[in-house]
$ cat run.pdb   # PDB, C-alpha atoms
ATOM      1  CA  MET A 203       0.232 -20.859 -89.399
ATOM      2  CA  ASN A 204      -3.129 -21.472 -87.827
ATOM      3  CA  GLU A 205      -5.916 -18.949 -87.604
ATOM      4  CA  ASN A 206      -5.066 -17.780 -84.104
ATOM      5  CA  GLU A 207      -1.441 -17.106 -85.026
ATOM      6  CA  ILE A 208      -2.581 -15.135 -88.103
ATOM      7  CA  GLN A 209      -4.914 -13.023 -85.947
ATOM      8  CA  LEU A 210      -2.039 -12.278 -83.546
ATOM      9  CA  LYS A 211       0.159 -11.289 -86.486
ATOM     10  CA  VAL A 212      -2.571  -8.930 -87.746
ATOM     11  CA  GLN A 213      -2.797  -7.386 -84.282
ATOM     12  CA  ALA A 214       1.000  -6.970 -84.264
ATOM     13  CA  LEU A 215       0.813  -5.293 -87.648
ATOM     14  CA  VAL A 216      -1.832  -2.864 -86.445
ATOM     15  CA  ASP A 217       0.336  -2.117 -83.370
ATOM     16  CA  GLY A 218       3.258  -1.429 -85.669
ATOM     17  CA  VAL A 219       5.364  -4.213 -84.255
ATOM     18  CA  LEU A 220       5.804  -6.026 -87.549
ATOM     19  CA  THR A 221       8.202  -4.451 -89.919
ATOM     20  CA  GLY A 222       9.917  -5.139 -93.235
ATOM     21  CA  ARG A 223       9.271  -8.191 -95.274
ATOM     22  CA  GLU A 224       7.084  -9.933 -92.722
ATOM     23  CA  ALA A 225       4.743  -6.925 -92.692
ATOM     24  CA  GLU A 226       4.572  -6.815 -96.523
ATOM     25  CA  GLU A 227       3.787 -10.546 -96.784
ATOM     26  CA  LEU A 228       1.025 -10.222 -94.180
ATOM     27  CA  GLN A 229      -0.381  -7.147 -95.907
ATOM     28  CA  GLN A 230      -0.611  -9.078 -99.180
ATOM     29  CA  ARG A 231      -2.344 -11.929 -97.428
ATOM     30  CA  ILE A 232      -4.829  -9.509 -95.847
ATOM     31  CA  ASN A 233      -5.536  -7.960 -99.205
ATOM     32  CA  ASN A 234      -6.428 -11.395-100.611
ATOM     33  CA  ASP A 235      -8.490 -12.560 -97.613
ATOM     34  CA  ALA A 236     -11.779 -10.797 -96.804
ATOM     35  CA  THR A 237     -11.908 -12.175 -93.257
ATOM     36  CA  LEU A 238      -8.453 -10.900 -92.464
ATOM     37  CA  GLN A 239      -9.331  -7.577 -94.056
ATOM     38  CA  GLN A 240     -12.326  -7.326 -91.768
ATOM     39  CA  LEU A 241     -10.220  -8.173 -88.732
ATOM     40  CA  HIS A 242      -7.534  -5.656 -89.714
ATOM     41  CA  GLU A 243     -10.123  -2.904 -90.125
ATOM     42  CA  ARG A 244     -11.780  -3.707 -86.791
ATOM     43  CA  LEU A 245      -8.471  -3.703 -84.961
ATOM     44  CA  THR A 246      -7.399  -0.482 -86.644
ATOM     45  CA  GLN A 247     -10.691   1.180 -85.655
ATOM     46  CA  MET A 248     -10.334  -0.083 -82.110
ATOM     47  CA  ARG A 249      -6.813   1.275 -81.849
ATOM     48  CA  GLY A 250      -7.985   4.586 -83.168
ATOM     49  CA  LEU A 251     -10.778   4.737 -80.624
ATOM     50  CA  ILE A 252      -8.465   3.918 -77.713
ATOM     51  CA  ALA A 253      -5.908   6.414 -78.867
ATOM     52  CA  ASN A 254      -8.496   9.154 -79.203
ATOM     53  CA  SER A 255     -10.336   8.522 -75.985
ATOM     54  CA  GLU A 256      -7.216   8.519 -73.745
ATOM     55  CA  LEU A 257      -6.945  11.876 -72.019
ATOM     56  CA  PRO A 258      -3.582  13.478 -72.186
ATOM     57  CA  ARG A 259      -2.105  14.093 -68.714
ATOM     58  CA  PRO A 260       0.586  16.666 -69.088
ATOM     59  CA  LEU A 261       2.983  17.133 -66.158
ATOM     60  CA  PRO A 262       2.989  20.629 -64.687
ATOM     61  CA  GLU A 263       6.721  20.745 -65.025
ATOM     62  CA  SER A 264       9.196  18.865 -67.044
ATOM     63  CA  GLY A 265       9.532  15.209 -66.062
ATOM     64  CA  ASP A 266      12.928  15.522 -64.372
ATOM     65  CA  PHE A 267      11.934  18.628 -62.477
ATOM     66  CA  TYR A 268       8.667  16.979 -61.345
ATOM     67  CA  TRP A 269      10.407  13.907 -59.922
ATOM     68  CA  ASN A 270      13.115  16.065 -58.355
ATOM     69  CA  LYS A 271      10.409  17.922 -56.479
ATOM     70  CA  ILE A 272       8.953  14.666 -55.168
ATOM     71  CA  ALA A 273      12.407  13.440 -54.121
ATOM     72  CA  GLU A 274      13.067  16.760 -52.333
ATOM     73  CA  SER A 275       9.784  16.641 -50.457
ATOM     74  CA  ILE A 276      10.558  13.066 -49.298
ATOM     75  CA  GLU A 277      14.002  14.162 -48.085
ATOM     76  CA  ARG A 278      12.485  17.174 -46.313
ATOM     77  CA  GLU A 279      10.031  14.937 -44.442
ATOM     78  CA  GLU A 280      12.804  12.555 -43.444
ATOM     79  CA  ARG A 281      14.890  15.445 -42.099
ATOM     80  CA  ALA A 282      11.899  16.743 -40.111
ATOM     81  CA  GLY A 283      11.392  13.272 -38.631
ATOM     82  CA  GLU A 284      15.042  13.143 -37.580
ATOM     83  CA  ARG A 285      14.721  16.553 -35.932
ATOM     84  CA  ILE A 286      11.811  15.280 -33.755
ATOM     85  CA  ALA A 287      13.575  12.045 -32.876
ATOM     86  CA  LYS A 288      16.852  13.675 -31.851
ATOM     87  CA  PRO A 289      16.374  15.450 -28.471
ATOM     88  CA  THR A 290      18.009  18.769 -27.877
ATOM     89  CA  PRO A 291      20.603  18.969 -25.059
ATOM     90  CA  ALA A 292      17.982  20.412 -22.669
ATOM     91  CA  ASN A 293      15.563  17.669 -23.508
ATOM     92  CA  ARG A 294      18.321  15.107 -23.184
ATOM     93  CA  TRP A 295      19.107  16.445 -19.656
ATOM     94  CA  LEU A 296      15.455  16.325 -18.710
ATOM     95  CA  LEU A 297      15.092  12.811 -20.059
ATOM     96  CA  ARG A 298      18.245  11.698 -18.252
ATOM     97  CA  TRP A 299      16.907  12.887 -14.894
ATOM     98  CA  LEU A 300      13.183  12.738 -15.308
ATOM     99  CA  ALA A 301      12.997   9.208 -16.666
ATOM    100  CA  PRO A 302      14.786   7.577 -13.687
ATOM    101  CA  LEU A 303      12.948   9.907 -11.292
ATOM    102  CA  ALA A 304       9.606   8.923 -12.756
ATOM    103  CA  GLY A 305      10.619   5.270 -12.572
ATOM    104  CA  VAL A 306      11.690   5.517  -8.933
ATOM    105  CA  SER A 307       8.515   7.449  -8.068
ATOM    106  CA  THR A 308       6.400   4.751  -9.660
ATOM    107  CA  VAL A 309       8.221   2.005  -7.742
ATOM    108  CA  VAL A 310       7.854   3.936  -4.459
ATOM    109  CA  LEU A 311       4.168   4.512  -5.156
ATOM    110  CA  LEU A 312       3.623   0.836  -5.911
ATOM    111  CA  LEU A 313       5.501  -0.226  -2.784
ATOM    112  CA  THR A 314       3.484   2.222  -0.702
ATOM    113  CA  LEU A 315       0.247   0.915  -2.117
ATOM    114  CA  GLN A 316       1.301  -2.678  -1.587
ATOM    115  CA  GLN A 317       2.395  -2.196   2.023
ATOM    116  CA  PRO A 318       0.299  -4.194   4.417
ATOM    117  CA  THR A 319      -2.092  -1.985   6.217
ATOM    118  CA  ALA A 320      -3.578  -2.585   9.605
ATOM    119  CA  PRO A 321      -6.861  -4.425   9.428
ATOM    120  CA  ASP A 322      -9.748  -2.034   9.226
ATOM    121  CA  LEU A 323     -11.692  -2.956  12.303
ATOM    122  CA  GLY A 324     -14.213  -0.179  11.912
ATOM    123  CA  ILE A 325     -13.424   1.037  15.422
ATOM    124  CA  THR A 326     -11.734   4.327  16.103
ATOM    125  CA  LEU A 327      -9.633   4.673  19.189
ATOM    126  CA  SER A 328      -9.987   7.809  21.269
ATOM    127  CA  SER A 329      -7.534  10.562  20.500
ATOM    128  CA  ASP A 330      -5.180   9.752  23.356
ATOM    129  CA  HIS A 331      -5.096   6.014  22.644
ATOM    130  CA  GLU A 332      -2.132   4.731  20.752
ATOM    131  CA  LEU A 333      -1.631   1.150  19.746
ATOM    132  CA  GLU A 334       1.568  -0.283  18.425
ATOM    133  CA  LEU A 335       1.829  -3.864  17.272
ATOM    134  CA  SER A 336       5.194  -5.538  17.181
ATOM    135  CA  SER A 337       4.068  -8.261  14.816
ATOM    136  CA  ASP A 338       1.927  -7.997  11.705
ATOM    137  CA  GLU A 339       0.837 -11.583  12.162
ATOM    138  CA  ILE A 340      -1.281 -10.773  15.192
ATOM    139  CA  ASP A 341      -4.702  -9.411  14.399
ATOM    140  CA  VAL A 342      -6.281  -7.101  16.917
ATOM    141  CA  MET A 343      -9.701  -5.705  17.612
ATOM    142  CA  THR A 344     -10.265  -2.710  19.792
ATOM    143  CA  TYR A 345     -13.315  -1.722  21.746
ATOM    144  CA  ASN A 346     -14.140   1.333  23.791
ATOM    145  CA  SER A 347     -17.145   1.431  26.083
ATOM    146  CA  ASP A 348     -19.681   4.176  25.441
ATOM    147  CA  ASP A 349     -18.563   6.196  28.432
ATOM    148  CA  ASP A 350     -14.904   5.549  27.542
ATOM    149  CA  SER A 351     -14.359   3.996  30.981
ATOM    150  CA  MET A 352     -13.022   0.766  29.520
ATOM    151  CA  SER A 353     -10.847   0.174  26.509
ATOM    152  CA  ILE A 354     -10.235  -3.352  25.289
ATOM    153  CA  VAL A 355      -7.648  -4.642  22.874
ATOM    154  CA  TRP A 356      -8.445  -8.174  21.786
ATOM    155  CA  LEU A 357      -5.448  -9.986  20.367
ATOM    156  CA  ASP A 358      -5.668 -13.000  18.147
ATOM    157  CA  TYR A 359      -3.022 -14.558  20.347
ATOM    158  CA  SER A 360      -3.582 -17.605  22.509
ATOM    159  CA  MET A 361      -1.987 -17.979  25.948
ATOM    160  CA  ASP A 362      -2.517 -20.894  28.300
ATOM    161  CA  ILE A 363      -2.651 -18.693  31.375
ATOM    162  CA  GLN A 364      -4.015 -21.325  33.757
ATOM    163  CA  LYS A 365      -0.977 -23.551  33.222
ATOM    164  CA  ASP A 366       1.317 -20.496  33.183
ATOM    165  CA  TYR A 367      -0.219 -19.262  36.379
ATOM    166  CA  MET A 368       0.251 -22.609  38.113
ATOM    167  CA  GLU A 369       3.864 -22.830  36.949
ATOM    168  CA  LEU A 370       4.468 -19.331  38.248
ATOM    169  CA  TRP A 371       3.296 -20.455  41.667
ATOM    170  CA  LEU A 372       5.452 -23.573  41.519
ATOM    171  CA  ASP A 373       8.569 -21.553  40.590
TER     172      ASP A 373
ATOM    173  CA  MET B  99      21.103  34.621  77.283
ATOM    174  CA  ILE B 100      19.892  36.584  74.276
ATOM    175  CA  LEU B 101      22.599  34.937  72.157
ATOM    176  CA  LEU B 102      21.440  31.476  73.225
ATOM    177  CA  ARG B 103      17.841  32.354  72.392
ATOM    178  CA  ASN B 104      18.881  33.597  68.944
ATOM    179  CA  ARG B 105      20.798  30.388  68.225
ATOM    180  CA  LEU B 106      17.872  28.268  69.297
ATOM    181  CA  PHE B 107      15.506  30.314  67.152
ATOM    182  CA  ASN B 108      17.842  29.939  64.171
ATOM    183  CA  ARG B 109      18.029  26.180  64.620
ATOM    184  CA  ILE B 110      14.257  25.839  64.850
ATOM    185  CA  ALA B 111      13.817  27.994  61.769
ATOM    186  CA  LEU B 112      16.346  25.894  59.865
ATOM    187  CA  LEU B 113      14.652  22.667  60.946
ATOM    188  CA  MET B 114      11.262  23.974  59.952
ATOM    189  CA  GLY B 115      12.653  25.096  56.634
ATOM    190  CA  LEU B 116      14.155  21.666  55.993
ATOM    191  CA  LEU B 117      10.902  19.963  56.946
ATOM    192  CA  LEU B 118       8.903  22.188  54.670
ATOM    193  CA  PHE B 119      11.323  21.746  51.739
ATOM    194  CA  GLY B 120      11.593  18.006  52.244
ATOM    195  CA  GLY B 121       7.874  17.576  52.727
ATOM    196  CA  GLY B 122       7.151  19.637  49.661
ATOM    197  CA  GLY B 123       9.612  17.582  47.661
ATOM    198  CA  LEU B 124       8.066  14.368  48.916
ATOM    199  CA  ALA B 125       4.603  15.641  48.097
ATOM    200  CA  LEU B 126       5.858  16.576  44.648
ATOM    201  CA  VAL B 127       7.232  13.058  44.076
ATOM    202  CA  GLN B 128       4.015  11.509  45.346
ATOM    203  CA  ALA B 129       1.953  13.723  43.034
ATOM    204  CA  ASP B 130       3.894  12.529  39.987
ATOM    205  CA  SER B 131       3.933   8.835  40.829
ATOM    206  CA  ILE B 132       0.973   6.640  39.943
ATOM    207  CA  THR B 133      -0.233   3.299  41.246
ATOM    208  CA  VAL B 134      -1.471   0.859  38.647
ATOM    209  CA  ASN B 135      -3.262  -2.363  39.448
ATOM    210  CA  ALA B 136      -2.523  -5.099  36.968
ATOM    211  CA  ARG B 137      -4.775  -8.135  37.187
ATOM    212  CA  LEU B 138      -4.540 -11.348  35.245
ATOM    213  CA  VAL B 139      -8.079 -12.579  34.766
ATOM    214  CA  LEU B 140      -9.416 -15.828  33.358
ATOM    215  CA  GLY B 141     -12.789 -15.674  31.651
ATOM    216  CA  THR B 142     -14.686 -18.966  31.416
ATOM    217  CA  GLY B 143     -18.125 -20.279  30.743
ATOM    218  CA  LYS B 144     -17.959 -22.714  33.637
ATOM    219  CA  GLU B 145     -17.794 -21.845  37.288
ATOM    220  CA  LYS B 146     -14.537 -22.728  39.034
ATOM    221  CA  GLN B 147     -14.992 -23.540  42.658
ATOM    222  CA  GLY B 148     -12.387 -22.135  45.001
ATOM    223  CA  SER B 149     -11.039 -19.566  42.536
ATOM    224  CA  LYS B 150     -11.013 -15.904  43.381
ATOM    225  CA  LYS B 151     -13.615 -13.941  41.490
ATOM    226  CA  VAL B 152     -12.891 -10.500  40.092
ATOM    227  CA  SER B 153     -14.674  -7.471  41.508
ATOM    228  CA  ASP B 154     -18.257  -6.976  40.440
ATOM    229  CA  SER B 155     -17.295  -3.791  38.636
ATOM    230  CA  ILE B 156     -14.847  -5.614  36.365
ATOM    231  CA  ARG B 157     -17.046  -8.692  35.905
ATOM    232  CA  LYS B 158     -20.040  -6.622  34.825
ATOM    233  CA  ARG B 159     -17.998  -4.623  32.375
ATOM    234  CA  LEU B 160     -16.373  -7.684  30.807
ATOM    235  CA  ALA B 161     -19.559  -9.752  30.749
ATOM    236  CA  LYS B 162     -21.261  -6.891  28.933
ATOM    237  CA  VAL B 163     -18.817  -7.270  26.048
ATOM    238  CA  PHE B 164     -17.717 -10.910  26.104
ATOM    239  CA  LYS B 165     -19.628 -14.187  26.099
ATOM    240  CA  TRP B 166     -18.002 -15.565  29.237
ATOM    241  CA  MET B 167     -19.958 -15.150  32.442
ATOM    242  CA  HIS B 168     -17.326 -16.110  35.015
ATOM    243  CA  TYR B 169     -14.160 -14.142  35.590
ATOM    244  CA  TYR B 170     -11.453 -15.256  37.988
ATOM    245  CA  GLN B 171      -8.525 -13.229  39.174
ATOM    246  CA  LEU B 172      -5.307 -15.225  38.952
ATOM    247  CA  THR B 173      -2.834 -12.434  39.731
ATOM    248  CA  ASN B 174      -3.066  -8.922  41.080
ATOM    249  CA  LYS B 175       0.010  -6.762  41.032
ATOM    250  CA  LYS B 176       0.198  -3.225  42.365
ATOM    251  CA  LEU B 177       2.778  -1.088  40.598
ATOM    252  CA  THR B 178       3.778   2.298  41.958
ATOM    253  CA  ILE B 179       5.612   4.079  39.188
ATOM    254  CA  GLU B 180       7.271   7.451  39.399
ATOM    255  CA  ASP B 181       7.062   9.974  36.622
ATOM    256  CA  ALA B 182       8.909   8.910  33.469
ATOM    257  CA  LYS B 183       9.830   5.570  35.035
ATOM    258  CA  THR B 184       9.019   2.053  33.908
ATOM    259  CA  LYS B 185       8.159  -1.020  35.926
ATOM    260  CA  THR B 186       7.932  -4.596  34.771
ATOM    261  CA  SER B 187       5.618  -7.145  36.310
ATOM    262  CA  LYS B 188       5.326 -10.856  35.668
ATOM    263  CA  LEU B 189       1.686 -11.896  35.644
ATOM    264  CA  SER B 190       2.128 -15.535  34.675
ATOM    265  CA  LYS B 191       5.042 -17.748  33.703
ATOM    266  CA  ASN B 192       5.031 -16.398  30.169
ATOM    267  CA  ALA B 193       3.028 -13.205  30.324
ATOM    268  CA  SER B 194       4.534 -10.013  31.647
ATOM    269  CA  ILE B 195       3.865  -6.327  31.263
ATOM    270  CA  LYS B 196       6.032  -3.253  31.253
ATOM    271  CA  VAL B 197       4.269  -0.089  32.382
ATOM    272  CA  THR B 198       5.734   3.378  31.821
ATOM    273  CA  ASN B 199       4.372   6.398  33.643
ATOM    274  CA  GLN B 200       4.258   9.101  31.021
ATOM    275  CA  LYS B 201       3.181  12.655  31.772
ATOM    276  CA  ASN B 202      -0.343  13.775  32.708
ATOM    277  CA  GLY B 203      -1.616  10.369  33.772
ATOM    278  CA  LYS B 204      -0.711   8.753  30.496
ATOM    279  CA  ILE B 205       0.662   5.240  30.696
ATOM    280  CA  ALA B 206       2.294   3.033  28.117
ATOM    281  CA  VAL B 207       1.750  -0.678  28.622
ATOM    282  CA  SER B 208       3.798  -3.233  26.737
ATOM    283  CA  LEU B 209       2.662  -6.832  26.765
ATOM    284  CA  PHE B 210       5.226  -9.593  26.530
ATOM    285  CA  SER B 211       4.699 -13.287  26.010
ATOM    286  CA  GLY B 212       7.723 -15.522  26.453
ATOM    287  CA  GLY B 213       9.997 -12.485  26.225
ATOM    288  CA  LYS B 214       8.499 -11.373  22.918
ATOM    289  CA  MET B 215       6.691  -8.059  22.838
ATOM    290  CA  LEU B 216       3.228  -8.412  21.372
ATOM    291  CA  LEU B 217       1.979  -4.867  21.550
ATOM    292  CA  GLN B 218       2.232  -1.528  23.262
ATOM    293  CA  LYS B 219      -0.793   0.540  24.187
ATOM    294  CA  THR B 220      -0.596   4.109  25.351
ATOM    295  CA  GLN B 221      -3.519   5.975  26.844
ATOM    296  CA  THR B 222      -4.560   8.232  29.693
ATOM    297  CA  LEU B 223      -5.780   6.049  32.525
ATOM    298  CA  ARG B 224      -8.181   7.841  34.846
ATOM    299  CA  GLU B 225      -9.521   6.731  38.223
ATOM    300  CA  GLY B 226     -12.292   4.184  37.738
ATOM    301  CA  HIS B 227     -11.258   3.508  34.144
ATOM    302  CA  TYR B 228      -9.859   0.238  32.840
ATOM    303  CA  MET B 229      -7.431  -0.710  30.135
ATOM    304  CA  VAL B 230      -7.902  -4.326  29.076
ATOM    305  CA  LEU B 231      -5.667  -6.482  26.951
ATOM    306  CA  ALA B 232      -7.228  -9.823  26.096
ATOM    307  CA  GLY B 233      -6.979 -12.930  23.959
ATOM    308  CA  LYS B 234      -7.904 -16.574  23.659
ATOM    309  CA  SER B 235      -6.845 -19.199  26.148
ATOM    310  CA  THR B 236      -7.154 -22.963  26.232
ATOM    311  CA  GLY B 237     -10.585 -24.451  25.740
ATOM    312  CA  ASP B 238     -13.499 -22.131  25.900
ATOM    313  CA  SER B 239     -11.753 -19.492  27.953
ATOM    314  CA  ALA B 240      -9.894 -16.228  27.538
ATOM    315  CA  TRP B 241      -7.154 -14.277  29.280
ATOM    316  CA  PHE B 242      -7.574 -10.681  30.338
ATOM    317  CA  ILE B 243      -5.020  -8.276  31.695
ATOM    318  CA  VAL B 244      -6.999  -5.559  33.410
ATOM    319  CA  LEU B 245      -5.178  -2.381  34.334
ATOM    320  CA  SER B 246      -6.656   0.316  36.502
ATOM    321  CA  LYS B 247      -5.555   3.110  38.792
TER     322      LYS B 247
END
$ encode --input "run.pdb" --output "structure tokens"
Amino acid sequence: MNENEIQLKVQALVDGVLTGREAEELQQRINNDATLQQLHERLTQMRGLIANSELPRPLPESGDFYWNKIAESIEREERAGERIAKPTPANRWLLRWLAPLAGVSTVVLLLTLQQPTAPDLGITLSSDHELELSSDEIDVMTYNSDDDSMSIVWLDYSMDIQKDYMELWLD
Amino acid sequence: MILLRNRLFNRIALLMGLLLFGGGGLALVQADSITVNARLVLGTGKEKQGSKKVSDSIRKRLAKVFKWMHYYQLTNKKLTIEDAKTKTSKLSKNASIKVTNQKNGKIAVSLFSGGKMLLQKTQTLREGHYMVLAGKSTGDSAWFIVLSK
């Protein structure tokens, strides 16, 4: 047995792990060896110090009762969570109707917002002027003279009227 | 003799009554119908010899807004439209208009190109006022459809 093994054995003896014959043989060896005696004493003192300085932490209730209480509180919280997650019949009805309604409303709102709007030309037509375009592809600009004696609608639409006009005459 | 005179008087009264009623009715129809002048005008930067120029009133008004200085009248159609009736007029081979006489001097003008409706404009058209529909034409020119009463 080397020195390290002997030291471990002494520590085991102090901890009360060694019993019987092995403990007696080691005790005899300690008694005959001053170094081992010193080590044994130091370890015994150390153990005593640790044992004395550790604060006792008594449970407020008996162990079983204490853990039962913890288990009950966990179960209670789980039940409460289930109660929140499970909707009541009224809530279920509301969710069944409100959720699709909210979805449809959102889609309608998005479609409304995405609808192409007439180009903002910065010109307001007089109250009795109404303009209706049959095609979104044609851009228009409107103009009203100051005295409202002439209203112009300029269409971004090209017509070869000279040729058309000549063909009309040839018809 | 008295009987004959009475008959004659009755006939004259009836005739006068018919004339008054008919005349009134005719006047009523005339009051509700409107006459719209629809002109197809070409606006260009270059002078075109031999082409008919638009009236000074129209030229000045258009030249005040547009860059073109010369305006030539290609077509002039006079449309007499009764109340709540619509008339169609072909201004060029492809361009035509449909004018509806709505109530209180309001007219609705639909512009067609090659049978396809481009737009409809509704407004009250007063004497001396113009409704103009316009767009680009070939080269540096533009087409104008000028409507007036």
$ resolve_selection --input "run.pdb" --expression "the ChimeraX specification (/A :<6) & /B" --output "compact mmCIF listing (two decimals) with C-alpha atoms, keeping the file's coordinate frame"
# COMPACT_ATOMS: atom_id res chain seq x y z
CA SER B 190 2.13 -15.54 34.67
CA LYS B 191 5.04 -17.75 33.70
CA LEU B 216 3.23 -8.41 21.37
CA LEU B 217 1.98 -4.87 21.55
CA GLN B 218 2.23 -1.53 23.26
CA LYS B 219 -0.79 0.54 24.19
CA THR B 220 -0.60 4.11 25.35
CA GLN B 221 -3.52 5.98 26.84
CA HIS B 227 -11.26 3.51 34.14
CA TYR B 228 -9.86 0.24 32.84
CA MET B 229 -7.43 -0.71 30.14
CA VAL B 230 -7.90 -4.33 29.08
CA LEU B 231 -5.67 -6.48 26.95
CA ALA B 232 -7.23 -9.82 26.10
CA GLY B 233 -6.98 -12.93 23.96
CA LYS B 234 -7.90 -16.57 23.66
CA SER B 235 -6.84 -19.20 26.15
CA THR B 236 -7.15 -22.96 26.23
$ resolve_selection --input "run.pdb" --expression "the PyMOL selection byres ((chain A and resi 238-252) around 12)" --output "ChimeraX atom specification"
/A:205-218,228-237,253-257
$ atom_distance --input "run.pdb" --atom1 "atom CA of B:Val134" --atom2 "atom CA of B:Gly148"
26.2 Å
$ residues_around --input "run.pdb" --residues "B:Leu160" --least-positions-apart "2" --cutoff "10 Å" --atoms "all atoms listed in the file" --output "list in words"
Met352 and Ile354 of chain A; Gly141, Asp154, Ser155, Ile156, Arg157, Lys158, Lys162, Val163, Phe164, Lys165, Trp166, Met167, His168, Tyr169, Val230, Phe242 and Val244 of chain B
$ atom_distance --input "run.pdb" --atom1 "atom CA of A:Glu279" --atom2 "atom CA of A:Leu297"
25.0 Å
$ atom_distance --input "run.pdb" --atom1 "atom CA of B:Gly212" --atom2 "atom CA of B:Asn192"
4.7 Å
$ closest_residue --input "run.pdb" --among "B:Leu140, B:Ala182, B:Met215, B:Leu209" --to "B:Gly237" --atoms "only C-alpha atoms"
B:Leu140
$ residues_around --input "run.pdb" --residues "B:Ser194" --least-positions-apart "3" --cutoff "7 Å" --atoms "all atoms listed in the file" --output "number ranges by chain"
B: 187-190, 209-211
$ residues_around --input "run.pdb" --residues "B:Thr178" --least-positions-apart "4" --cutoff "8 Å" --atoms "all atoms listed in the file" --output "number ranges by chain"
B: 131-134
$ resolve_selection --input "run.pdb" --expression "the PyMOL selection byres ((chain B and resi 136) around 7)" --output "PyMOL selection string"
chain B and resi 134-135+137-138+174-176+243-246
